[in-house]
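To be precise, the following lines are upload.cif, and they hold mmCIF, C-alpha atoms.
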data_query
#
loop_
_atom_site.label_atom_id
_atom_site.label_comp_id
_atom_site.auth_asym_id
_atom_site.auth_seq_id
_atom_site.Cartn_x
_atom_site.Cartn_y
_atom_site.Cartn_z
CA MET A 1 -88.64 -119.70 -12.85
CA ALA A 2 -90.83 -116.94 -14.23
CA SER A 3 -88.59 -114.32 -12.62
CA ALA A 4 -85.53 -115.90 -14.16
CA ASP A 5 -87.23 -115.93 -17.56
CA GLU A 6 -88.19 -112.26 -17.38
CA GLY A 7 -84.62 -111.28 -16.49
CA ALA A 8 -83.00 -113.27 -19.29
CA GLU A 9 -81.07 -111.12 -21.76
CA GLY A 10 -81.79 -113.27 -24.79
CA PHE A 11 -79.55 -115.08 -27.27
CA VAL A 12 -78.58 -111.98 -29.28
CA GLU A 13 -78.90 -109.31 -26.58
CA GLY A 14 -76.62 -111.23 -24.21
CA SER A 15 -73.94 -111.94 -26.83
CA SER A 16 -70.35 -110.69 -26.68
CA LEU A 17 -67.38 -110.84 -29.04
CA HIS A 18 -63.85 -110.17 -27.80
CA ILE A 19 -60.64 -110.11 -29.85
CA LEU A 20 -57.27 -110.23 -28.13
CA ASN A 21 -54.10 -109.27 -29.98
CA ARG A 22 -51.03 -110.67 -28.22
CA ASN A 23 -47.51 -109.86 -29.35
CA PHE A 24 -45.07 -112.24 -27.67
CA TYR A 25 -41.27 -112.13 -27.57
CA PHE A 26 -39.55 -114.98 -25.73
CA ASN A 27 -35.80 -115.33 -25.19
CA ARG A 28 -34.35 -118.17 -23.11
CA ASP A 29 -30.64 -118.85 -22.65
CA ALA A 30 -30.20 -122.28 -21.06
CA ARG A 31 -26.60 -122.39 -19.84
CA HIS A 32 -26.16 -126.10 -19.17
CA GLY A 33 -27.95 -129.10 -17.71
CA GLN A 34 -29.84 -132.23 -18.69
CA SER A 35 -32.66 -130.28 -20.38
CA VAL A 36 -30.25 -129.10 -23.09
CA ALA A 37 -30.11 -131.75 -25.81
CA PRO A 38 -26.67 -132.57 -27.29
CA ARG A 39 -27.57 -131.11 -30.71
CA ASP A 40 -28.80 -127.82 -29.22
CA ASN A 41 -26.92 -124.76 -28.06
CA GLY A 42 -29.51 -124.21 -25.33
CA TYR A 43 -30.63 -120.88 -26.81
CA SER A 44 -34.27 -120.23 -27.72
CA GLU A 45 -35.71 -117.09 -29.26
CA VAL A 46 -39.21 -116.56 -30.62
CA TRP A 47 -41.15 -113.48 -31.70
CA ALA A 48 -44.75 -114.10 -32.69
CA HIS A 49 -48.17 -112.52 -32.83
CA GLY A 50 -51.39 -114.18 -31.72
CA ILE A 51 -55.00 -113.25 -32.40
CA VAL A 52 -57.66 -114.82 -30.18
CA GLY A 53 -61.31 -114.23 -30.97
CA ARG A 54 -64.01 -115.41 -28.59
CA PHE A 55 -67.78 -115.25 -29.10
CA GLU A 56 -70.24 -115.97 -26.29
CA SER A 57 -73.94 -115.84 -27.00
CA GLY A 58 -76.63 -115.12 -24.49
CA PHE A 59 -79.30 -117.71 -23.70
CA THR A 60 -82.65 -118.11 -25.39
CA ARG A 61 -85.55 -117.01 -23.20
CA GLY A 62 -87.52 -119.61 -21.32
CA THR A 63 -87.19 -121.95 -18.38
CA VAL A 64 -84.35 -123.68 -20.20
CA GLY A 65 -82.04 -121.41 -22.21
CA PHE A 66 -79.74 -122.45 -25.01
CA GLY A 67 -76.62 -120.77 -26.38
CA ILE A 68 -73.23 -121.28 -27.99
CA ASP A 69 -69.61 -120.31 -27.35
CA ALA A 70 -67.01 -120.26 -30.12
CA PHE A 71 -63.39 -119.28 -30.62
CA ALA A 72 -60.89 -118.86 -33.44
CA MET A 73 -57.14 -118.42 -32.88
CA LEU A 74 -54.26 -117.58 -35.19
CA GLY A 75 -50.53 -117.63 -34.43
CA LEU A 76 -48.06 -115.89 -36.76
CA GLN A 77 -44.29 -116.18 -36.71
CA LEU A 78 -42.53 -112.82 -36.86
CA ASP A 79 -39.00 -114.07 -36.21
CA SER A 80 -37.68 -117.43 -35.08
CA GLY A 81 -34.90 -119.08 -37.01
CA ASP A 82 -34.89 -122.86 -37.30
CA GLY A 83 -33.52 -124.44 -34.15
CA ARG A 84 -34.45 -121.43 -31.99
CA ASN A 85 -38.07 -122.33 -31.24
CA GLY A 86 -37.56 -124.21 -28.03
CA SER A 87 -35.74 -127.27 -29.31
CA GLY A 88 -34.59 -128.98 -26.13
CA THR A 89 -35.76 -126.18 -23.85
CA SER A 90 -39.59 -126.51 -23.89
CA VAL A 91 -40.38 -122.97 -24.99
CA ASP A 92 -43.39 -124.27 -26.97
CA ILE A 93 -44.46 -121.04 -28.65
CA LEU A 94 -44.83 -122.11 -32.30
CA PRO A 95 -45.24 -125.57 -33.84
CA SER A 96 -42.14 -127.17 -35.29
CA ASP A 97 -41.21 -130.50 -36.85
CA HIS A 98 -38.82 -133.11 -35.45
CA ASP A 99 -35.87 -131.35 -37.09
CA GLY A 100 -36.65 -128.09 -35.31
CA HIS A 101 -38.00 -126.26 -38.40
CA THR A 102 -40.50 -123.65 -37.21
CA GLN A 103 -43.82 -123.28 -39.02
CA ASP A 104 -44.79 -119.78 -40.15
CA ASN A 105 -48.34 -119.88 -38.82
CA TYR A 106 -50.96 -122.09 -37.27
CA ALA A 107 -54.62 -121.74 -36.42
CA LYS A 108 -57.27 -123.51 -34.43
CA ALA A 109 -60.99 -123.06 -33.81
CA GLY A 110 -63.73 -124.68 -31.81
CA GLY A 111 -66.94 -124.18 -29.95
CA ALA A 112 -69.34 -125.47 -27.35
CA ALA A 113 -73.09 -125.69 -26.95
CA LYS A 114 -74.45 -124.51 -23.61
CA VAL A 115 -77.67 -124.90 -21.66
CA ARG A 116 -78.86 -122.86 -18.68
CA LEU A 117 -81.45 -123.89 -16.10
CA LEU A 118 -81.87 -121.21 -13.45
CA ASP A 119 -78.37 -120.75 -11.99
CA THR A 120 -76.79 -123.83 -13.58
CA VAL A 121 -74.91 -123.77 -16.90
CA LEU A 122 -73.80 -126.90 -18.77
CA ARG A 123 -71.32 -126.68 -21.65
CA ALA A 124 -70.41 -129.45 -24.11
CA GLY A 125 -67.58 -129.10 -26.62
CA ASP A 126 -64.39 -127.05 -26.43
CA VAL A 127 -64.13 -125.57 -22.94
CA PHE A 128 -61.74 -123.57 -20.76
CA PRO A 129 -62.09 -124.82 -17.16
CA MET A 130 -60.68 -122.73 -14.32
CA THR A 131 -60.19 -124.77 -11.14
CA PRO A 132 -57.17 -125.60 -8.95
CA VAL A 133 -57.10 -129.18 -10.33
CA VAL A 134 -57.93 -128.56 -14.01
CA HIS A 135 -57.20 -125.06 -15.31
CA TYR A 136 -56.49 -124.20 -18.95
CA GLY A 137 -53.05 -122.69 -19.57
CA ASP A 138 -52.56 -119.21 -20.99
CA ALA A 139 -48.84 -118.52 -20.52
CA ARG A 140 -47.85 -118.86 -24.19
CA LEU A 141 -48.93 -117.25 -27.46
CA LEU A 142 -52.32 -118.99 -27.67
CA PRO A 143 -54.24 -120.59 -24.80
CA GLU A 144 -54.82 -124.31 -24.54
CA SER A 145 -58.30 -125.79 -24.43
CA PHE A 146 -60.05 -128.98 -23.39
CA ARG A 147 -62.90 -130.93 -24.96
CA GLY A 148 -65.69 -132.44 -22.92
CA ILE A 149 -68.54 -131.42 -20.62
CA THR A 150 -68.48 -128.85 -17.80
CA LEU A 151 -71.10 -127.80 -15.26
CA GLU A 152 -71.22 -124.62 -13.17
CA ASN A 153 -73.77 -123.66 -10.52
CA ARG A 154 -74.16 -120.34 -8.63
CA SER A 155 -77.44 -120.91 -6.80
CA LEU A 156 -76.13 -119.83 -3.40
CA ASP A 157 -74.70 -116.38 -2.81
CA GLY A 158 -70.91 -116.58 -2.64
CA LEU A 159 -70.75 -120.25 -3.68
CA THR A 160 -69.59 -121.51 -7.09
CA VAL A 161 -69.74 -125.27 -7.75
CA GLN A 162 -67.92 -126.68 -10.79
CA ALA A 163 -67.69 -130.14 -12.32
CA GLY A 164 -66.49 -131.60 -15.58
CA ARG A 165 -65.40 -134.63 -17.54
CA LEU A 166 -62.89 -133.98 -20.33
CA HIS A 167 -61.62 -136.47 -22.90
CA SER A 168 -58.96 -134.50 -24.78
CA MET A 169 -56.72 -131.45 -24.50
CA SER A 170 -54.74 -129.19 -26.82
CA GLN A 171 -51.30 -127.72 -26.19
CA PRO A 172 -50.68 -124.00 -26.82
CA GLN A 173 -48.55 -124.64 -29.93
CA GLU A 174 -50.74 -127.41 -31.38
CA ARG A 175 -53.52 -127.13 -33.95
CA LYS A 176 -55.54 -130.16 -32.88
CA GLN A 177 -56.77 -131.79 -29.73
CA ARG A 178 -54.66 -134.63 -28.31
CA ASP A 179 -56.36 -138.01 -28.08
CA ASN A 180 -54.49 -138.57 -24.83
CA PHE A 181 -53.36 -136.33 -22.01
CA ALA A 182 -49.90 -135.15 -21.07
CA THR A 183 -48.47 -134.17 -17.70
CA PHE A 184 -45.71 -131.71 -17.02
CA TYR A 185 -43.16 -134.14 -15.60
CA ALA A 186 -44.13 -137.54 -17.02
CA GLY A 187 -45.11 -136.56 -20.57
CA PRO A 188 -47.89 -138.29 -22.59
CA VAL A 189 -50.26 -140.48 -20.58
CA ASP A 190 -52.58 -143.07 -22.15
CA SER A 191 -55.57 -141.93 -20.10
CA PRO A 192 -59.01 -141.59 -21.74
CA TRP A 193 -60.37 -138.77 -19.57
CA VAL A 194 -59.94 -136.44 -16.63
CA SER A 195 -62.80 -135.37 -14.36
CA TYR A 196 -63.16 -132.85 -11.54
CA LEU A 197 -65.66 -131.65 -8.93
CA GLY A 198 -65.49 -128.93 -6.30
CA GLY A 199 -66.37 -125.42 -5.30
CA ASP A 200 -65.29 -122.01 -4.07
CA TYR A 201 -67.07 -120.22 -1.25
CA ALA A 202 -66.61 -116.64 -0.09
CA LEU A 203 -67.55 -116.54 3.59
CA ASN A 204 -67.31 -112.74 3.48
CA GLU A 205 -65.25 -110.11 1.66
CA ASN A 206 -62.12 -111.14 3.61
CA VAL A 207 -62.24 -114.96 3.72
CA SER A 208 -62.72 -117.56 0.98
CA VAL A 209 -62.21 -121.32 0.83
CA SER A 210 -61.93 -123.89 -1.98
CA LEU A 211 -62.27 -127.67 -2.09
CA TYR A 212 -61.76 -129.75 -5.26
CA GLY A 213 -61.03 -133.27 -6.40
CA SER A 214 -59.98 -134.64 -9.78
CA ARG A 215 -59.21 -137.97 -11.41
CA LEU A 216 -56.93 -138.59 -14.38
CA LYS A 217 -58.15 -142.10 -15.10
CA ASP A 218 -55.55 -144.83 -14.49
CA ALA A 219 -52.96 -142.22 -13.47
CA TRP A 220 -53.92 -140.22 -10.37
CA THR A 221 -56.60 -138.95 -8.06
CA GLN A 222 -55.92 -135.46 -6.71
CA TYR A 223 -57.49 -133.52 -3.86
CA TYR A 224 -57.11 -129.80 -3.23
CA GLY A 225 -57.99 -127.54 -0.33
CA GLY A 226 -57.17 -123.85 -0.07
CA THR A 227 -58.06 -120.64 1.67
CA SER A 228 -57.41 -116.94 1.17
CA VAL A 229 -57.63 -114.39 3.99
CA SER A 230 -57.24 -110.62 4.28
CA TYR A 231 -57.55 -108.43 7.36
CA PRO A 232 -57.60 -104.61 7.19
CA LEU A 233 -55.64 -102.88 9.94
CA ALA A 234 -56.11 -99.28 8.77
CA ASP A 235 -57.20 -97.39 5.66
CA ASP A 236 -53.97 -98.13 3.79
CA VAL A 237 -52.67 -101.14 5.72
CA SER A 238 -53.86 -104.74 5.64
CA LEU A 239 -52.60 -108.24 6.31
CA PHE A 240 -53.20 -111.06 3.84
CA GLY A 241 -52.41 -114.73 3.69
CA GLY A 242 -53.36 -118.07 2.25
CA PHE A 243 -52.86 -121.81 2.36
CA ASN A 244 -52.87 -124.41 -0.44
CA TYR A 245 -52.75 -128.19 -0.09
CA TYR A 246 -52.68 -130.99 -2.69
CA LYS A 247 -52.76 -134.74 -2.15
CA SER A 248 -52.15 -137.09 -5.08
CA VAL A 249 -52.50 -140.88 -5.09
CA ASP A 250 -52.10 -143.36 -7.94
CA ASP A 251 -55.19 -144.64 -9.74
CA GLY A 252 -56.26 -147.73 -11.63
CA ARG A 253 -53.51 -149.10 -13.89
CA GLN A 254 -50.94 -146.79 -12.26
CA LEU A 255 -49.75 -145.34 -15.58
CA LEU A 256 -47.49 -142.98 -13.62
CA GLY A 257 -46.35 -145.56 -11.10
CA ASP A 258 -47.12 -146.12 -7.45
CA PHE A 259 -47.22 -142.89 -5.41
CA ASN A 260 -48.86 -141.07 -2.52
CA THR A 261 -47.74 -137.46 -2.47
CA ASN A 262 -48.85 -134.40 -0.55
CA ILE A 263 -47.56 -130.86 -0.97
CA TRP A 264 -48.57 -127.57 0.65
CA SER A 265 -47.76 -123.87 0.64
CA GLY A 266 -48.54 -121.05 3.04
CA LYS A 267 -48.24 -117.30 2.57
CA LEU A 268 -48.32 -114.29 4.89
CA GLY A 269 -47.97 -110.69 3.78
CA VAL A 270 -48.73 -107.04 4.43
CA SER A 271 -49.82 -104.31 2.04
CA PHE A 272 -49.27 -100.67 2.96
CA GLY A 273 -50.09 -97.89 0.55
CA ALA A 274 -48.46 -98.63 -2.78
CA HIS A 275 -46.36 -101.49 -1.38
CA SER A 276 -46.97 -105.17 -0.78
CA LEU A 277 -44.56 -107.63 0.82
CA ALA A 278 -45.17 -111.36 1.23
CA LEU A 279 -43.27 -114.40 2.52
CA SER A 280 -44.28 -117.92 1.52
CA HIS A 281 -43.12 -121.42 2.40
CA GLN A 282 -43.76 -124.60 0.42
CA ARG A 283 -43.02 -128.25 1.14
CA ASN A 284 -43.42 -131.49 -0.78
CA ASN A 285 -43.64 -134.39 1.69
CA GLY A 286 -43.86 -137.06 -1.00
CA ASP A 287 -41.26 -139.23 -2.74
CA ASN A 288 -42.21 -138.08 -6.27
CA ASP A 289 -42.70 -134.82 -8.13
CA PHE A 290 -46.08 -133.17 -7.67
CA ASP A 291 -47.35 -133.44 -11.26
CA TYR A 292 -50.13 -131.70 -13.16
CA LEU A 293 -51.47 -131.40 -16.71
CA ARG A 294 -48.86 -130.11 -19.15
CA GLN A 295 -48.80 -126.36 -19.92
CA SER A 296 -51.90 -125.89 -17.76
CA ASP A 297 -52.29 -123.52 -14.81
CA SER A 298 -53.51 -126.38 -12.59
CA ILE A 299 -51.06 -125.63 -9.79
CA TYR A 300 -52.20 -123.13 -7.15
CA LEU A 301 -49.04 -123.29 -5.05
CA ASP A 302 -47.47 -120.03 -3.89
CA ASN A 303 -43.94 -120.93 -4.95
CA ALA A 304 -44.85 -122.22 -8.43
CA ILE A 305 -43.57 -119.21 -10.36
CA GLN A 306 -42.36 -118.24 -13.84
CA TYR A 307 -40.06 -121.21 -14.49
CA THR A 308 -39.63 -123.21 -11.28
CA ASP A 309 -42.42 -125.01 -9.41
CA PHE A 310 -40.30 -126.03 -6.38
CA ASN A 311 -42.30 -129.29 -6.25
CA SER A 312 -39.64 -132.01 -6.36
CA PRO A 313 -39.58 -134.87 -3.82
CA LYS A 314 -38.94 -133.69 -0.24
CA GLU A 315 -38.25 -130.17 -1.49
CA ARG A 316 -38.60 -127.24 0.89
CA SER A 317 -38.68 -123.72 -0.48
CA TRP A 318 -39.03 -120.13 0.70
CA MET A 319 -39.99 -117.12 -1.37
CA LEU A 320 -40.02 -113.37 -0.72
CA ARG A 321 -42.12 -111.18 -3.04
CA TYR A 322 -42.46 -107.40 -3.33
CA ASP A 323 -45.07 -105.48 -5.40
CA LEU A 324 -45.31 -101.76 -6.12
CA ASP A 325 -48.35 -99.93 -7.54
CA MET A 326 -47.36 -96.56 -9.00
CA GLU A 327 -50.91 -95.17 -8.94
CA THR A 328 -50.13 -93.80 -5.49
CA PHE A 329 -47.33 -91.78 -7.08
CA GLY A 330 -49.49 -90.37 -9.85
CA ILE A 331 -48.88 -93.03 -12.56
CA PRO A 332 -51.99 -95.25 -12.63
CA GLY A 333 -51.57 -98.48 -14.56
CA LEU A 334 -47.83 -98.89 -13.88
CA THR A 335 -46.81 -101.72 -11.54
CA PHE A 336 -43.59 -103.51 -10.60
CA MET A 337 -42.93 -106.90 -9.03
CA THR A 338 -39.85 -108.80 -7.91
CA ARG A 339 -39.52 -112.11 -6.08
CA TYR A 340 -36.83 -114.54 -5.01
CA GLY A 341 -37.40 -118.21 -4.25
CA ARG A 342 -34.95 -120.84 -3.00
CA GLY A 343 -35.50 -124.59 -2.71
CA SER A 344 -33.42 -127.29 -1.01
CA ASP A 345 -33.38 -130.91 0.22
CA VAL A 346 -34.57 -132.39 -3.11
CA ASP A 347 -34.26 -136.17 -2.77
CA TYR A 348 -35.17 -138.81 -5.40
CA SER A 349 -33.99 -141.79 -3.34
CA ASN A 350 -37.47 -143.28 -3.09
CA ALA A 351 -39.03 -142.02 -6.35
CA ASN A 352 -40.82 -144.49 -8.59
CA GLY A 353 -39.54 -145.43 -12.04
CA VAL A 354 -41.57 -142.73 -13.86
CA TYR A 355 -40.28 -139.80 -11.82
CA MET A 356 -36.83 -141.11 -10.86
CA ARG A 357 -33.86 -138.84 -11.67
CA ARG A 358 -30.30 -140.14 -11.48
CA ASP A 359 -26.79 -138.78 -11.74
CA GLU A 360 -24.21 -139.85 -14.36
CA ASN A 361 -23.33 -142.88 -12.21
CA GLY A 362 -26.91 -144.11 -12.07
CA ASN A 363 -27.49 -143.11 -8.44
CA PRO A 364 -30.68 -141.29 -7.38
CA LEU A 365 -30.12 -137.55 -7.09
CA THR A 366 -30.12 -136.24 -3.52
CA ASP A 367 -29.47 -132.98 -1.68
CA GLN A 368 -30.36 -130.85 -4.72
CA LYS A 369 -30.82 -127.07 -4.45
CA ARG A 370 -32.05 -124.32 -6.76
CA TRP A 371 -33.19 -120.71 -6.81
CA GLU A 372 -35.09 -118.30 -9.06
CA ARG A 373 -35.32 -114.52 -9.23
CA ASP A 374 -38.09 -112.80 -11.23
CA ILE A 375 -38.50 -109.12 -12.11
CA GLU A 376 -41.59 -107.75 -13.85
CA ALA A 377 -42.80 -104.33 -14.99
CA GLN A 378 -46.26 -103.78 -16.45
CA TYR A 379 -48.16 -100.78 -17.77
CA VAL A 380 -51.85 -100.74 -18.74
CA VAL A 381 -53.27 -97.75 -20.62
CA GLN A 382 -56.09 -96.35 -18.51
CA SER A 383 -58.15 -94.28 -20.96
CA GLY A 384 -58.56 -93.14 -24.55
CA SER A 385 -58.74 -95.16 -27.76
CA LEU A 386 -55.93 -97.46 -26.53
CA LYS A 387 -57.55 -98.18 -23.18
CA ASP A 388 -56.50 -101.59 -21.75
CA LEU A 389 -53.45 -101.86 -24.06
CA SER A 390 -50.82 -103.46 -21.83
CA PHE A 391 -47.04 -103.83 -21.93
CA ARG A 392 -45.39 -106.44 -19.70
CA LEU A 393 -41.67 -107.11 -19.42
CA ARG A 394 -40.60 -110.19 -17.43
CA GLN A 395 -37.08 -111.35 -16.63
CA ALA A 396 -36.18 -114.57 -14.83
CA THR A 397 -32.88 -116.00 -13.68
CA THR A 398 -32.53 -119.51 -12.29
CA ARG A 399 -29.63 -121.51 -10.96
CA ALA A 400 -30.91 -125.02 -10.96
CA THR A 401 -30.53 -128.61 -9.86
CA ALA A 402 -28.48 -131.24 -11.70
CA PHE A 403 -31.55 -132.36 -13.70
CA GLU A 404 -32.38 -128.88 -15.03
CA SER A 405 -30.59 -126.02 -16.79
CA ASP A 406 -29.33 -122.78 -15.38
CA LEU A 407 -31.04 -120.16 -17.51
CA ASP A 408 -31.76 -116.50 -18.11
CA GLU A 409 -35.12 -115.68 -19.65
CA VAL A 410 -36.81 -112.54 -20.99
CA ARG A 411 -40.45 -112.22 -22.05
CA LEU A 412 -42.03 -109.11 -23.58
CA ILE A 413 -45.80 -109.37 -23.94
CA ILE A 414 -47.98 -106.67 -25.51
CA GLU A 415 -51.72 -107.23 -25.40
CA TYR A 416 -54.56 -105.21 -26.88
CA PRO A 417 -58.07 -106.47 -26.12
CA LEU A 418 -60.99 -105.27 -28.23
CA GLN A 419 -64.65 -105.68 -27.35
CA VAL A 420 -66.58 -105.84 -30.63
CA LEU A 421 -69.97 -106.72 -29.12
#

Encoding of this model in structure tokens:
Amino acid sequence: MASADEGAEGFVEGSSLHILNRNFYFNRDARHGQSVAPRDNGYSEVWAHGIVGRFESGFTRGTVGFGIDAFAMLGLQLDSGDGRNGSGTSVDILPSDHDGHTQDNYAKAGGAAKVRLLDTVLRAGDVFPMTPVVHYGDARLLPESFRGITLENRSLDGLTVQAGRLHSMSQPQERKQRDNFATFYAGPVDSPWVSYLGGDYALNENVSVSLYGSRLKDAWTQYYGGTSVSYPLADDVSLFGGFNYYKSVDDGRQLLGDFNTNIWSGKLGVSFGAHSLALSHQRNNGDNDFDYLRQSDSIYLDNAIQYTDFNSPKERSWMLRYDLDMETFGIPGLTFMTRYGRGSDVDYSNANGVYMRRDENGNPLTDQKRWERDIEAQYVVQSGSLKDLSFRLRQATTRATAFESDLDEVRLIIEYPLQVL
């Protein structure tokens, strides 16, 4: 304990303040399908700017150290005519009223108190958990957050243990915390809390494993197991792979119905010089969608990509992905990625009432297919006063099932992080 005390940085000395400027353009053209409401044309277009400031203090010196974390976020509309901010298409960039009128700006702020004892840190307040079962989402203008208590321990080399109990969540386009939770496929759920426990362990520099469990009270209990492996063959050649598995069962009052679902994905690839090529397969063996917290990143499946998760009942999907790093060709910071995924055998015949999808005649949808193609280019400034300024252009095309929309989507994201302290 004395050694830990002597090495402590102190409340002020260990503090940091980061400000992220994020300029976000989002264009989605939903061609047809059930996700396009009758009053909408299926077209969504938003241009906005977000500012995210995060302060993290160090810990006071002593056997038990105390500190605080705080954040303030501001979202500004640059261009988004009424009716173009995701009405009927779930873009969810800026807040809007029931008539589709977009608000010009919105802001939110929060914080958490934290306590450290040796290698264990406890936080209480507004938190940003990062686990395969509860992971805050950051795919829109502003990130979402949760409110509750989290615990993290790093006592053993290579092992990180995390736990938490959260009683509310915010959505990226919302100012306030929700009193209840929402899932991606079922919507709002009258559950008072979600909890999680698990850990990640790096056996060596080439092999790591993860085991987690979570409980959304009265809705589900989820279990996750995953592994990541790499194996160097030569100086510029290596194999890599991974496996992810989720099992979900209903809980308590069965707010999301009766279910017992398991889904898995496996990936195998090779990197050689500037190139990387990977093939992945994913399969849902359950009768219902594999669900997770809305707008979160709590889905570590290989084929859950920009728009499509390929996680419908009985769905089988394959994906091929190619990455190119232009540093090898004298342009450090410039990368390209493209991938193509195809799913088939979607079958809602045995889905429960919450997740059931039917055709226009009232029959459960069966034998559904879909595919998605993504293309991405990114450049990160490597040096100078604009170091870490990044430009990312993403394009997605999907041809979907009968319960979704065919769509074409473009995202342009410019980010400039500043470290003030």

Pull out every residue that the PyMOL selection byres ((chain A and resi 13) around 12) matches in the shown coordinates and put them as an NGL selection string. :A and (7-12 or 14-17 or 56-61 or 67 or 421)

Identify which of the residues A:Tyr348, A:Phe336, A:Trp371, A:Tyr322 lies closest to A:Asn285, counting all atoms listed in the file when measuring atom-to-atom distances.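 The shortest atom-to-atom distance to A:Asn285 comes from A:Tyr348.
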
To verify the selection step, state as a ChimeraX atom specification which residues the PyMOL selection byres ((chain A and resi 374-381) around 8) yields on this input. /A:306,333-340,372-373,382-383,386-397

One number please: atom CA of A:Asp69 to atom CA of A:Phe184, in Å, one decimal.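 It comes out at 28.4 Å.
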
Kindly indicate which residue among A:Phe272, A:Leu277, A:Asp367, A:Met356 lies nearest to A:Thr328, using all atoms listed in the file for the distances.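 Using all atoms listed in the file, A:Thr328 sits closest to A:Phe272.
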
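As for atom CA of A:Gly148 and atom CA of A:Pro129, they are spaced 10.2 Å apart.
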
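Here the PyMOL selection byres ((chain A and resi 146) around 9) captures the residues Gly125, Asp126, Val127, Phe128, Pro129, Tyr136, Glu144, Ser145, Arg147, Gly148, Leu166, His167, Ser168, Met169, Ser170 and Gln177 of chain A.
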
Would you kindly return, as a list in words, each protein, DNA or RNA residue with an atom no farther than 6 Å from any atom of A:Pro364, considering all atoms listed in the file and excluding same-chain residues fewer than 3 positions away? Tyr348, Ser349, Arg357 and Arg358 of chain A

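Rounded to one decimal, atom CA of A:Tyr307 and atom CA of A:Thr398 lie 8.0 Å from each other.
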
Once you add 5 Å to each side, what are the centre and edge lengths of the axis-aligned box holding all listed atoms of stretch 257-270 of chain A? One decimal in Å, as JSON, if you can.
{"center_x": -47.6, "center_y": -126.6, "center_z": -3.1, "size_x": 12.5, "size_y": 49.1, "size_z": 26.0}

Calculated over only C-alpha atoms, which of the candidates A:Thr63, A:Lys176, A:Pro188, A:Thr131 has the smallest distance to A:Gly164?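 So, comparing all the options, the nearest one is A:Thr131.
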
A:Asp347: which residues within 6 Å, counting all atoms listed in the file, same-chain residues fewer than 4 positions away excluded, as an NGL selection string? :A and (313-314 or 366-367)

Point out the residue among A:Gly353, A:Gly225, A:Gly266, A:Gly213 with the least atom-to-atom distance to A:Val134, counting all atoms listed in the file. A:Gly213

Measuring between all atoms listed in the file, which one of A:Leu76, A:Asp258, A:His101, A:Asp297 shows the shortest distance to A:Pro143? A:Asp297

Residue neighbourhood A:Gln103, 7 Å, only C-alpha atoms, exclusion window fewer than 6 positions, as a count of residues only: 3

Find the residues around A:Ser312 up to 7 Å (all atoms listed in the file counted), leave out those fewer than 2 positions away in its own chain, and share them as a PyMOL selection string. chain A and resi 284+288-290+310+314-315+346

Give me, as a list in words, all polymer residues having an atom no more than 9 Å from A:Ile263, counting all atoms listed in the file and skipping those fewer than 2 positions away in the same chain.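 Neighbouring residues, sequence-local ones excluded: Asn244, Tyr245, Tyr246, Lys247, Ser248, Thr261, Ser265, Gln282, Arg283, Asn284, Asn285, Gly286, Phe290, Leu301 and Asn311 of chain A.
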
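Closest to A:Ala402 among A:Glu360, A:Tyr416, A:Val189, A:Leu279 is A:Glu360, based on all atoms listed in the file.
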